[in-house]
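First up is the structure itself, then whatever we jot down about it.
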Amino acid sequence: MATVEISRLKKAYGKVEVIHDVDLSIAEGEFVSLIGASGCGKSTLLRMIAGLEPITGGEISLDGRVINAVAPKDRDIAMVFQNYALYPHLTVAENMGFSLRLRNVAKADIAPAVRQAADLLGLAPYLGRYPKELSGGQRQRVAMGRAIVRQPQVFLFDEPLSNLDAKLRVQMRSEIRTLQKRLGTTLIYVTHDQIEAMTMSDKVVVLNAGRIEQVGAPLDVYDRPANVFVASFIGSPAMNMFDATLETSGGKSVVRIDDLVVPLPVRSAATAGTKVVFGVRPEHLELASDGDGSARFPFHVDLVEPTGAELQMHGRIGSTPAVATFRGRPGVREGDLIHLTADPRDFHLFDKSSGERLV
Amino acid sequence: MATEQSTAGRLGFGNGEAALGLAFVVPIVVIMGGLVFMPLVTTIVDSLYRVDPMRAGEPFVGLKNYTDLAADSNVQTAWANTLAYVAMAVILETVGGLAAALLLNSVRHGRQWLLAAVVLPWCLPPVVNAIVWMWIYNPSYGLLNHALMSLGVIDTPQVWFNDRGTGLFLITLVHVWRMMPLTAIILLAALQSIPKELYEAAKLDGAGAVKSFQMVTLPLISGGLAIALSQSTVFAFNLFDEAWIMGGSGLGTRSVIIQVYMSAFQNLRFSYGMALSLLAMIASLVVSLIYVLRVYRETRMD
């Protein structure tokens with residue numbers, strides 16, 4: 001268990017800088033997810049913490065000790081790789097005990113440690129098998145077991161669930177979460193799957209092009225995205241965004257989207273005439289009933305996609321493509337023009353030029 | 001089914017994939033049968049007769065050729081030489097080849113050029129290779145004497161092949177020079193099949209370079225190692241060109257295969273030579289089998 005402190009961390013390959021001045025502090029026992037699209041630098045960041053990538057600039061400290069120059073083997077960090085990286089020539093038990101064997105721990109002490117981890121992960125019946133004789137989920141567990149046996153300061157998980165099928169992924173998600181709480185070990189988890197990040201983490205770090213866009217609790221990131229990138233990245237289907245202008249009408253702030261005027265719940269500090277991006281999530285849109293006075297969005301339905309639990313309607317509001325999801329079965333057909341509304345508290349407003357959140 | 005038939009029809013085979021498979025197999029069966037297995041069988045049979053163009057008749061002599069071989073002191077010396085060649089060649093090729101493969105594997109830029117340079121000696125015809133080295137070893141104008149004298153290692157030019165041990169070693173060196181690239185390439189292929197994540201995992205598990213070589217690399221290339229060891233053993237048992245060109249028929253450096261050649265084609269004792277060649281084959285097979293069994297027992301992972 002340890003704290004991880006990252007300050008002004010940089011990574012460059014030749015002249016190309018891929019991580020720009022990243023600052024992040026992770027508390028003891030925290031479950032932190034790094035999330036972002038491919039190539040955003042999340043894996044590079046994780047590998048720098050592991051010591052597998054040299055650090056170009058800045059510092060990483062573990063429990064207050066700067067580890068920039070510490071070899072990976074001396075960092076006391078365990079990592080679970082995306083493809084598990086199990087040693088194919090060793091049995092499950094030997095894989096899990098590998099790090100202890102390297103540390104010259106006595107054989108008599110390795111066996112119980114391995115046994116304990118195996119019991120925790122339900123691997124006890126497979127200890128004598130080779131990795132090739134295991135299913136994907138079992139291999140994943142062995143990879144975790146190998147990390148657990150060592151009792152490291154920090155766990156690093158690099159997209160550990162992306163090679164599993166959907167059902168197993170859901171199961172492993174909660175298992176990993178439970179395990180981490182039980183062991184109380186600091187865990188840094190890299191994923192491109194926002195559901196994983198949202199469901200498991202204490203803290204989500206949204207990365208984009210080598211920079212941190214937002215750090216926060218999962219629901220904060222969802223409810224109050226700090227900028228346009230986070231707003232469009234977190235949430236599926238993505239938030240509907242409209243180019244709009246901030247105006248004042250009768251002492252209240254409104255936004256104008258083409259000829260549609262939407263009143264805002266609070267008065268914006270930004271001056272009237274500011275170009276803004278207005279956002280509302282598909283799941284917050286609902287069918288408008290007549291005469292309730294709230295904003296009405298005319299919605300041309302182009303495509304109705306039933307996913308089972310919900311209906312996804314793809315269409316247009318004005319000339320901007322938009323999506324709305326309904327839990328019910330509203331009986332809307334493709335080609336219909338319907339009116340949607342949303343609770344003004346679910347509106348998001350961003351500055352057009354900076355992309356930063358306004359309300 | 002319909003498409004299968006039309007495919008077969010286009011290729012001109014009446015009954016589909018079986019016939020196509022057969023067509024692929026027939027050439028190799030004919031070639032292997034005609035050039036390897038049949039001669040092998042006739043060699044085994046003839047080694048039990050006295051086949052000698054200088055003497056009338058081909059009587060059945062049973063194992064006499066073999067018992068004569070056991071008593072022949074020249075043959076014994078040839079066996080001792082060959083065993084020395086095999087031992088030195090296999091060790092040098094494997095250690096050198098592994099070192100070269102590790103080096104090539106860690107090179108990032110220009111690996112293909114280095115690989116080409118490494119492979120070059122292997123592409124040379126063995127005779128050309130041996131003649132080049134014969135010049136290097138030459139007592140009066142050879143590069144080796146010159147180099148060692150300018151380095152101050154020796155005072156006077158040496159006649160290298162005057163000493164049997166030195167001769168055996170120098171001939172082995174030429175053979176190793178030619179065959180090591182093959183070992184290097186086999187081991188390089190094995191090294192490249194190891195996912196780099198395994199090394200990263202080993203690093204995080206606490207392994208330094210030596211431990212990770214010992215506990216990850218070696219076990220994972222053991223399949224390639226068995227193949228490399230087998231081929232270097234077989235080729236060293238069959239060593240002929242280098243020893244023949246540099247040592248000729250001299251007993252000090254005479255290999256078993258040279259002995260076979262001399263018995264069969266110079267002394268014209270055909271069946272005697274055949275018997276010896278069979279023993280050489282069995283010896284290299286047995287040694288290779290030991291590697292394959294010992295090493296493959298450890299590699300059950302893929």
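Naming scheme: A, B, ... for chains in displayed order of the structure tokens; residues 1 onward per chain; ligands 1 onward as shown.
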task = Any chance you could list, as an NGL selection string, the residues in segment 59-281 of chain A that come up strand (DSSP E) when DSSP is run on the backbone?
result = :A and (59-62 or 65-66 or 77-80 or 154-158 or 186-191 or 203-208 or 211-216 or 240-249 or 252-257 or 260-263 or 275-280)
So that I have them on file, write out the residues from the current selection with C-alpha atoms, as a PDB file, in the first residue's frame.
```pdb
ATOM      1  CA  GLU A  59       9.042  12.788 -11.308  1.00  0.00           C
ATOM      2  CA  ILE A  60       7.191   9.742 -10.113  1.00  0.00           C
ATOM      3  CA  SER A  61       7.308   9.031  -6.402  1.00  0.00           C
ATOM      4  CA  LEU A  62       6.095   6.058  -4.498  1.00  0.00           C
ATOM      5  CA  ARG A  65      10.421   8.172  -2.607  1.00  0.00           C
ATOM      6  CA  VAL A  66      11.318   9.301  -6.150  1.00  0.00           C
ATOM      7  CA  ILE A  77       5.071  -2.770  -8.267  1.00  0.00           C
ATOM      8  CA  ALA A  78       3.129  -5.636  -9.843  1.00  0.00           C
ATOM      9  CA  MET A  79       1.532  -5.428 -13.245  1.00  0.00           C
ATOM     10  CA  VAL A  80      -1.212  -7.364 -14.989  1.00  0.00           C
ATOM     11  CA  VAL A 154       0.941  -0.865  -6.103  1.00  0.00           C
ATOM     12  CA  PHE A 155      -0.945  -2.910  -8.684  1.00  0.00           C
ATOM     13  CA  LEU A 156      -0.935  -1.794 -12.299  1.00  0.00           C
ATOM     14  CA  PHE A 157      -3.578  -3.232 -14.620  1.00  0.00           C
ATOM     15  CA  ASP A 158      -3.199  -2.646 -18.352  1.00  0.00           C
ATOM     16  CA  THR A 186      -3.389   1.000  -4.413  1.00  0.00           C
ATOM     17  CA  LEU A 187      -4.434   0.083  -7.934  1.00  0.00           C
ATOM     18  CA  ILE A 188      -3.971   1.938 -11.213  1.00  0.00           C
ATOM     19  CA  TYR A 189      -6.130   0.594 -13.971  1.00  0.00           C
ATOM     20  CA  VAL A 190      -5.822   1.478 -17.654  1.00  0.00           C
ATOM     21  CA  THR A 191      -8.833   0.984 -19.859  1.00  0.00           C
ATOM     22  CA  LYS A 203     -11.242   8.126  -9.174  1.00  0.00           C
ATOM     23  CA  VAL A 204     -11.295   8.447 -12.953  1.00  0.00           C
ATOM     24  CA  VAL A 205      -8.539  10.189 -14.877  1.00  0.00           C
ATOM     25  CA  VAL A 206      -9.592  11.161 -18.402  1.00  0.00           C
ATOM     26  CA  LEU A 207      -6.624  11.478 -20.731  1.00  0.00           C
ATOM     27  CA  ASN A 208      -6.499  12.982 -24.182  1.00  0.00           C
ATOM     28  CA  ARG A 211      -2.815  15.528 -21.189  1.00  0.00           C
ATOM     29  CA  ILE A 212      -5.174  15.045 -18.287  1.00  0.00           C
ATOM     30  CA  GLU A 213      -8.584  16.480 -19.175  1.00  0.00           C
ATOM     31  CA  GLN A 214     -10.301  15.783 -15.871  1.00  0.00           C
ATOM     32  CA  VAL A 215      -9.760  13.934 -12.609  1.00  0.00           C
ATOM     33  CA  GLY A 216     -12.725  13.091 -10.460  1.00  0.00           C
ATOM     34  CA  ASN A 240     -25.556  15.643 -27.971  1.00  0.00           C
ATOM     35  CA  MET A 241     -23.723  18.885 -28.626  1.00  0.00           C
ATOM     36  CA  PHE A 242     -24.968  21.950 -30.419  1.00  0.00           C
ATOM     37  CA  ASP A 243     -23.199  25.098 -31.464  1.00  0.00           C
ATOM     38  CA  ALA A 244     -25.112  27.941 -29.853  1.00  0.00           C
ATOM     39  CA  THR A 245     -24.952  31.544 -28.727  1.00  0.00           C
ATOM     40  CA  LEU A 246     -25.473  32.777 -25.178  1.00  0.00           C
ATOM     41  CA  GLU A 247     -28.154  35.470 -24.938  1.00  0.00           C
ATOM     42  CA  THR A 248     -30.069  37.319 -22.291  1.00  0.00           C
ATOM     43  CA  SER A 249     -33.817  37.383 -22.361  1.00  0.00           C
ATOM     44  CA  LYS A 252     -32.364  35.319 -17.683  1.00  0.00           C
ATOM     45  CA  SER A 253     -29.681  33.509 -19.626  1.00  0.00           C
ATOM     46  CA  VAL A 254     -30.818  31.596 -22.670  1.00  0.00           C
ATOM     47  CA  VAL A 255     -28.967  29.826 -25.440  1.00  0.00           C
ATOM     48  CA  ARG A 256     -29.975  30.154 -29.053  1.00  0.00           C
ATOM     49  CA  ILE A 257     -29.454  27.141 -31.297  1.00  0.00           C
ATOM     50  CA  LEU A 260     -34.445  27.474 -31.067  1.00  0.00           C
ATOM     51  CA  VAL A 261     -34.241  29.302 -27.755  1.00  0.00           C
ATOM     52  CA  VAL A 262     -33.477  27.294 -24.624  1.00  0.00           C
ATOM     53  CA  PRO A 263     -33.742  28.969 -21.208  1.00  0.00           C
ATOM     54  CA  LYS A 275     -20.301  31.405 -28.691  1.00  0.00           C
ATOM     55  CA  VAL A 276     -21.014  28.307 -26.676  1.00  0.00           C
ATOM     56  CA  VAL A 277     -21.498  24.570 -27.025  1.00  0.00           C
ATOM     57  CA  PHE A 278     -24.779  23.380 -25.573  1.00  0.00           C
ATOM     58  CA  GLY A 279     -24.920  19.750 -24.477  1.00  0.00           C
ATOM     59  CA  VAL A 280     -27.567  17.350 -23.298  1.00  0.00           C
TER      60      VAL A 280
END
```
message = With only C-alpha atoms considered, list every residue of chain A at most 10 Å from chain B, as number ranges by chain.
response = A: 47, 50-52, 71-91, 96-103, 130-133, 143, 146-147, 150
Put those residues in a file: C-alpha atoms, as a PDB file, in the first residue's frame.
```pdb
ATOM      1  CA  ARG A  47       4.488   1.730 -18.216  1.00  0.00           C
ATOM      2  CA  ALA A  50       6.123   0.406 -13.860  1.00  0.00           C
ATOM      3  CA  GLY A  51       9.568   1.432 -15.049  1.00  0.00           C
ATOM      4  CA  LEU A  52       9.207  -0.191 -18.443  1.00  0.00           C
ATOM      5  CA  ALA A  71      14.880  -0.435 -11.787  1.00  0.00           C
ATOM      6  CA  PRO A  72      11.475  -2.052 -12.350  1.00  0.00           C
ATOM      7  CA  LYS A  73      12.492  -5.069 -10.317  1.00  0.00           C
ATOM      8  CA  ASP A  74      13.178  -2.896  -7.289  1.00  0.00           C
ATOM      9  CA  ARG A  75      10.032  -0.748  -7.478  1.00  0.00           C
ATOM     10  CA  ASP A  76       7.818  -3.265  -5.711  1.00  0.00           C
ATOM     11  CA  ILE A  77       5.071  -2.770  -8.267  1.00  0.00           C
ATOM     12  CA  ALA A  78       3.129  -5.636  -9.843  1.00  0.00           C
ATOM     13  CA  MET A  79       1.532  -5.428 -13.245  1.00  0.00           C
ATOM     14  CA  VAL A  80      -1.212  -7.364 -14.989  1.00  0.00           C
ATOM     15  CA  PHE A  81      -0.768  -7.270 -18.733  1.00  0.00           C
ATOM     16  CA  GLN A  82      -3.465  -7.147 -21.375  1.00  0.00           C
ATOM     17  CA  ASN A  83      -2.390 -10.471 -22.847  1.00  0.00           C
ATOM     18  CA  TYR A  84      -1.604 -11.772 -19.326  1.00  0.00           C
ATOM     19  CA  ALA A  85       2.086 -12.467 -20.143  1.00  0.00           C
ATOM     20  CA  LEU A  86       2.029 -15.792 -18.313  1.00  0.00           C
ATOM     21  CA  TYR A  87       5.176 -17.885 -18.562  1.00  0.00           C
ATOM     22  CA  PRO A  88       4.083 -20.684 -20.896  1.00  0.00           C
ATOM     23  CA  HIS A  89       6.691 -23.140 -19.616  1.00  0.00           C
ATOM     24  CA  LEU A  90       5.581 -22.844 -16.010  1.00  0.00           C
ATOM     25  CA  THR A  91       2.499 -24.210 -14.276  1.00  0.00           C
ATOM     26  CA  MET A  96       2.275 -17.338  -9.318  1.00  0.00           C
ATOM     27  CA  GLY A  97       5.333 -18.170  -7.239  1.00  0.00           C
ATOM     28  CA  PHE A  98       7.816 -16.870  -9.809  1.00  0.00           C
ATOM     29  CA  SER A  99       8.493 -13.544  -8.132  1.00  0.00           C
ATOM     30  CA  LEU A 100       8.958 -15.173  -4.736  1.00  0.00           C
ATOM     31  CA  ARG A 101      11.356 -17.698  -6.234  1.00  0.00           C
ATOM     32  CA  LEU A 102      13.377 -14.818  -7.706  1.00  0.00           C
ATOM     33  CA  ARG A 103      13.519 -13.302  -4.254  1.00  0.00           C
ATOM     34  CA  TYR A 130      -0.024 -24.977 -17.816  1.00  0.00           C
ATOM     35  CA  PRO A 131      -1.373 -21.645 -19.107  1.00  0.00           C
ATOM     36  CA  LYS A 132      -2.305 -23.156 -22.468  1.00  0.00           C
ATOM     37  CA  GLU A 133      -4.661 -25.525 -20.667  1.00  0.00           C
ATOM     38  CA  ALA A 143      -2.111 -13.038 -14.011  1.00  0.00           C
ATOM     39  CA  ARG A 146       0.885 -13.573  -9.811  1.00  0.00           C
ATOM     40  CA  ALA A 147       0.485  -9.936  -8.812  1.00  0.00           C
ATOM     41  CA  ARG A 150       3.927 -10.652  -4.127  1.00  0.00           C
TER      42      ARG A 150
END
```
inquiry  = Could you tell me how far atom CA of Leu349 of chain A sits from atom CA of Asp336 of chain A, in Å to one decimal place?
reply    =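 A separation of 28.2 Å between them.
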All helix (DSSP H, G or I) positions in segment 34-188 of chain A, as a compact mmCIF listing (two decimals) with N, CA and C atoms, in the first residue's frame:
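The resulting result02.txt:
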```txt
# COMPACT_ATOMS: atom_id res chain seq x y z
N LYS A 42 -2.27 6.66 -22.12
CA LYS A 42 -2.59 6.03 -20.83
C LYS A 42 -1.70 4.84 -20.54
N SER A 43 -1.45 4.01 -21.58
CA SER A 43 -0.57 2.85 -21.36
C SER A 43 0.87 3.30 -21.14
N THR A 44 1.29 4.32 -21.88
CA THR A 44 2.64 4.84 -21.71
C THR A 44 2.83 5.33 -20.28
N LEU A 45 1.83 6.03 -19.77
CA LEU A 45 1.88 6.53 -18.40
C LEU A 45 2.03 5.37 -17.41
N LEU A 46 1.24 4.33 -17.63
CA LEU A 46 1.29 3.16 -16.74
C LEU A 46 2.66 2.50 -16.81
N ARG A 47 3.19 2.38 -18.04
CA ARG A 47 4.49 1.73 -18.22
C ARG A 47 5.62 2.57 -17.61
N MET A 48 5.43 3.87 -17.57
CA MET A 48 6.43 4.72 -16.92
C MET A 48 6.40 4.50 -15.41
N ILE A 49 5.20 4.33 -14.87
CA ILE A 49 5.10 4.05 -13.43
C ILE A 49 5.75 2.69 -13.13
N ALA A 50 5.55 1.74 -14.05
CA ALA A 50 6.12 0.41 -13.86
C ALA A 50 7.63 0.41 -14.02
N PRO A 72 12.81 -1.49 -12.55
CA PRO A 72 11.48 -2.05 -12.35
C PRO A 72 11.45 -3.14 -11.28
N LYS A 73 12.50 -3.94 -11.24
CA LYS A 73 12.49 -5.07 -10.32
C LYS A 73 12.59 -4.62 -8.86
N ASP A 74 13.04 -3.38 -8.66
CA ASP A 74 13.18 -2.90 -7.29
C ASP A 74 12.07 -1.92 -6.89
N VAL A 92 0.61 -23.07 -13.34
CA VAL A 92 -0.07 -21.96 -12.66
C VAL A 92 0.63 -21.64 -11.34
N ALA A 93 0.92 -22.68 -10.57
CA ALA A 93 1.57 -22.46 -9.28
C ALA A 93 2.95 -21.83 -9.47
N GLU A 94 3.69 -22.32 -10.47
CA GLU A 94 5.04 -21.78 -10.70
C GLU A 94 4.97 -20.34 -11.21
N ASN A 95 3.96 -20.06 -12.03
CA ASN A 95 3.77 -18.69 -12.50
C ASN A 95 3.53 -17.76 -11.32
N MET A 96 2.64 -18.20 -10.43
CA MET A 96 2.27 -17.34 -9.32
C MET A 96 3.42 -17.19 -8.33
N GLY A 97 4.23 -18.23 -8.20
CA GLY A 97 5.33 -18.17 -7.24
C GLY A 97 6.63 -17.63 -7.82
N PHE A 98 6.60 -17.26 -9.10
CA PHE A 98 7.82 -16.87 -9.81
C PHE A 98 8.57 -15.73 -9.11
N SER A 99 7.82 -14.71 -8.72
CA SER A 99 8.49 -13.54 -8.13
C SER A 99 9.10 -13.90 -6.77
N LEU A 100 8.42 -14.78 -6.05
CA LEU A 100 8.96 -15.17 -4.74
C LEU A 100 10.23 -16.00 -4.92
N ARG A 101 10.19 -16.87 -5.95
CA ARG A 101 11.36 -17.70 -6.23
C ARG A 101 12.56 -16.82 -6.57
N LEU A 102 12.29 -15.74 -7.34
CA LEU A 102 13.38 -14.82 -7.71
C LEU A 102 13.93 -14.11 -6.48
N LYS A 107 11.15 -22.50 -0.55
CA LYS A 107 10.06 -23.24 -1.20
C LYS A 107 8.89 -23.47 -0.25
N ALA A 108 9.22 -23.74 1.01
CA ALA A 108 8.18 -24.05 1.99
C ALA A 108 7.29 -22.83 2.25
N ASP A 109 7.82 -21.63 1.99
CA ASP A 109 7.01 -20.43 2.21
C ASP A 109 6.26 -20.02 0.95
N ILE A 110 6.79 -20.42 -0.21
CA ILE A 110 6.13 -20.06 -1.48
C ILE A 110 4.79 -20.77 -1.59
N ALA A 111 4.81 -22.08 -1.32
CA ALA A 111 3.61 -22.89 -1.52
C ALA A 111 2.38 -22.34 -0.79
N PRO A 112 2.48 -22.01 0.51
CA PRO A 112 1.28 -21.47 1.17
C PRO A 112 0.84 -20.13 0.61
N ALA A 113 1.80 -19.28 0.23
CA ALA A 113 1.45 -17.97 -0.34
C ALA A 113 0.67 -18.16 -1.64
N VAL A 114 1.16 -19.08 -2.47
CA VAL A 114 0.50 -19.36 -3.74
C VAL A 114 -0.89 -19.95 -3.48
N ARG A 115 -0.92 -20.85 -2.52
CA ARG A 115 -2.17 -21.52 -2.17
C ARG A 115 -3.24 -20.50 -1.74
N GLN A 116 -2.79 -19.56 -0.93
CA GLN A 116 -3.71 -18.55 -0.40
C GLN A 116 -4.28 -17.69 -1.53
N ALA A 117 -3.40 -17.25 -2.42
CA ALA A 117 -3.86 -16.43 -3.54
C ALA A 117 -4.78 -17.25 -4.45
N ALA A 118 -4.43 -18.52 -4.63
CA ALA A 118 -5.23 -19.38 -5.50
C ALA A 118 -6.62 -19.57 -4.92
N ASP A 119 -6.70 -19.71 -3.61
CA ASP A 119 -8.01 -19.86 -2.96
C ASP A 119 -8.85 -18.60 -3.15
N LEU A 120 -8.17 -17.47 -3.02
CA LEU A 120 -8.84 -16.18 -3.16
C LEU A 120 -9.44 -16.02 -4.55
N LEU A 121 -8.76 -16.58 -5.55
CA LEU A 121 -9.17 -16.38 -6.94
C LEU A 121 -9.87 -17.61 -7.52
N ALA A 124 -7.48 -22.84 -7.13
CA ALA A 124 -6.89 -24.01 -6.47
C ALA A 124 -6.91 -25.28 -7.32
N PRO A 125 -7.98 -25.58 -8.07
CA PRO A 125 -7.97 -26.83 -8.83
C PRO A 125 -7.02 -26.81 -10.02
N TYR A 126 -6.49 -25.64 -10.37
CA TYR A 126 -5.73 -25.54 -11.62
C TYR A 126 -4.24 -25.33 -11.38
N PRO A 131 -0.49 -22.71 -18.62
CA PRO A 131 -1.37 -21.65 -19.11
C PRO A 131 -2.19 -22.04 -20.34
N LYS A 132 -1.57 -22.82 -21.25
CA LYS A 132 -2.31 -23.16 -22.47
C LYS A 132 -3.51 -24.05 -22.18
N GLU A 133 -3.54 -24.65 -21.01
CA GLU A 133 -4.66 -25.53 -20.67
C GLU A 133 -5.79 -24.78 -19.96
N GLY A 136 -9.53 -18.18 -21.12
CA GLY A 136 -9.10 -16.78 -21.02
C GLY A 136 -9.32 -16.20 -19.64
N GLY A 137 -10.47 -16.49 -19.06
CA GLY A 137 -10.78 -15.95 -17.75
C GLY A 137 -9.86 -16.50 -16.67
N GLN A 138 -9.54 -17.79 -16.80
CA GLN A 138 -8.64 -18.41 -15.82
C GLN A 138 -7.24 -17.83 -15.93
N ARG A 139 -6.81 -17.61 -17.19
CA ARG A 139 -5.48 -17.01 -17.38
C ARG A 139 -5.42 -15.63 -16.75
N GLN A 140 -6.51 -14.89 -16.95
CA GLN A 140 -6.60 -13.56 -16.39
C GLN A 140 -6.45 -13.63 -14.87
N ARG A 141 -7.09 -14.62 -14.27
CA ARG A 141 -7.00 -14.78 -12.82
C ARG A 141 -5.58 -15.14 -12.40
N VAL A 142 -4.92 -15.99 -13.18
CA VAL A 142 -3.54 -16.36 -12.85
C VAL A 142 -2.66 -15.11 -12.88
N ALA A 143 -2.89 -14.27 -13.91
CA ALA A 143 -2.11 -13.04 -14.01
C ALA A 143 -2.32 -12.18 -12.76
N MET A 144 -3.56 -12.14 -12.27
CA MET A 144 -3.83 -11.39 -11.06
C MET A 144 -3.20 -12.07 -9.85
N GLY A 145 -3.28 -13.40 -9.85
CA GLY A 145 -2.69 -14.16 -8.75
C GLY A 145 -1.21 -13.89 -8.64
N ARG A 146 -0.54 -13.82 -9.80
CA ARG A 146 0.89 -13.57 -9.81
C ARG A 146 1.19 -12.22 -9.18
N ALA A 147 0.29 -11.26 -9.40
CA ALA A 147 0.49 -9.94 -8.81
C ALA A 147 0.21 -9.95 -7.31
N ILE A 148 -0.83 -10.68 -6.92
CA ILE A 148 -1.26 -10.68 -5.51
C ILE A 148 -0.23 -11.35 -4.61
N VAL A 149 0.31 -12.49 -5.09
CA VAL A 149 1.22 -13.28 -4.27
C VAL A 149 2.36 -12.43 -3.71
N ALA A 166 -17.97 -10.62 -23.14
CA ALA A 166 -18.71 -9.57 -22.44
C ALA A 166 -19.19 -10.02 -21.06
N LYS A 167 -19.69 -11.24 -20.97
CA LYS A 167 -20.26 -11.71 -19.72
C LYS A 167 -19.18 -11.84 -18.64
N LEU A 168 -18.05 -12.42 -19.06
CA LEU A 168 -16.95 -12.63 -18.14
C LEU A 168 -16.38 -11.29 -17.68
N ARG A 169 -16.41 -10.33 -18.60
CA ARG A 169 -15.88 -9.02 -18.28
C ARG A 169 -16.67 -8.40 -17.13
N VAL A 170 -17.97 -8.53 -17.18
CA VAL A 170 -18.82 -7.96 -16.13
C VAL A 170 -18.50 -8.64 -14.80
N GLN A 171 -18.32 -9.95 -14.86
CA GLN A 171 -18.05 -10.71 -13.64
C GLN A 171 -16.68 -10.32 -13.06
N MET A 172 -15.66 -10.25 -13.95
CA MET A 172 -14.31 -9.94 -13.49
C MET A 172 -14.23 -8.53 -12.93
N ARG A 173 -15.03 -7.63 -13.53
CA ARG A 173 -15.07 -6.25 -13.06
C ARG A 173 -15.35 -6.20 -11.57
N SER A 174 -16.41 -6.89 -11.18
CA SER A 174 -16.76 -6.81 -9.76
C SER A 174 -15.76 -7.61 -8.92
N GLU A 175 -15.22 -8.68 -9.50
CA GLU A 175 -14.23 -9.45 -8.74
C GLU A 175 -12.99 -8.63 -8.44
N ILE A 176 -12.53 -7.91 -9.46
CA ILE A 176 -11.31 -7.11 -9.28
C ILE A 176 -11.56 -6.04 -8.23
N ARG A 177 -12.74 -5.41 -8.35
CA ARG A 177 -13.10 -4.35 -7.41
C ARG A 177 -13.14 -4.88 -5.96
N THR A 178 -13.79 -6.01 -5.80
CA THR A 178 -13.92 -6.60 -4.46
C THR A 178 -12.56 -6.96 -3.90
N LEU A 179 -11.76 -7.56 -4.77
CA LEU A 179 -10.42 -8.00 -4.38
C LEU A 179 -9.58 -6.82 -3.92
N GLN A 180 -9.67 -5.75 -4.70
CA GLN A 180 -8.85 -4.58 -4.39
C GLN A 180 -9.26 -3.99 -3.04
N LYS A 181 -10.57 -3.93 -2.80
CA LYS A 181 -11.03 -3.38 -1.51
C LYS A 181 -10.56 -4.26 -0.37
N ARG A 182 -10.59 -5.58 -0.62
CA ARG A 182 -10.20 -6.52 0.42
C ARG A 182 -8.71 -6.41 0.75
N LEU A 183 -7.89 -6.30 -0.31
CA LEU A 183 -6.45 -6.23 -0.09
C LEU A 183 -6.02 -4.83 0.31
```
task = Can you work out the spacing between atom CA of Ile234 of chain A and atom CA of Tyr13 of chain A in Å, to one decimal?
result =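 Rounded to one decimal, the two atoms are 28.8 Å apart.
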ask   = So which one's closest to Arg111 of chain B, B:Ala130, B:Gly248, B:Asp52, B:Leu188? Using only C-alpha atoms, please.
value =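 Of B:Ala130, B:Gly248, B:Asp52, B:Leu188, the one nearest Arg111 of chain B is B:Leu188, counting only C-alpha atoms.
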Segment 60-69 of chain B surroundings by only C-alpha atoms, 8 Å radius, close-in-sequence under 3 positions cut, as a ChimeraX atom specification = /B:47-50,72,75,271-272,275-276
Keeping C-alpha atoms, export the residues of the selection given above as a PDB file, in the first residue's frame.
```pdb
ATOM      1  CA  SER B  47      27.095 -54.216 -45.776  1.00  0.00           C
ATOM      2  CA  LEU B  48      26.431 -57.868 -44.926  1.00  0.00           C
ATOM      3  CA  TYR B  49      28.130 -59.042 -48.136  1.00  0.00           C
ATOM      4  CA  ARG B  50      31.642 -58.666 -49.482  1.00  0.00           C
ATOM      5  CA  ASP B  72      40.841 -51.523 -37.622  1.00  0.00           C
ATOM      6  CA  VAL B  75      38.985 -46.601 -38.151  1.00  0.00           C
ATOM      7  CA  SER B 271      30.790 -53.005 -48.399  1.00  0.00           C
ATOM      8  CA  TYR B 272      33.393 -52.190 -45.724  1.00  0.00           C
ATOM      9  CA  ALA B 275      29.177 -50.641 -42.991  1.00  0.00           C
ATOM     10  CA  LEU B 276      31.195 -47.732 -41.596  1.00  0.00           C
TER      11      LEU B 276
END
```
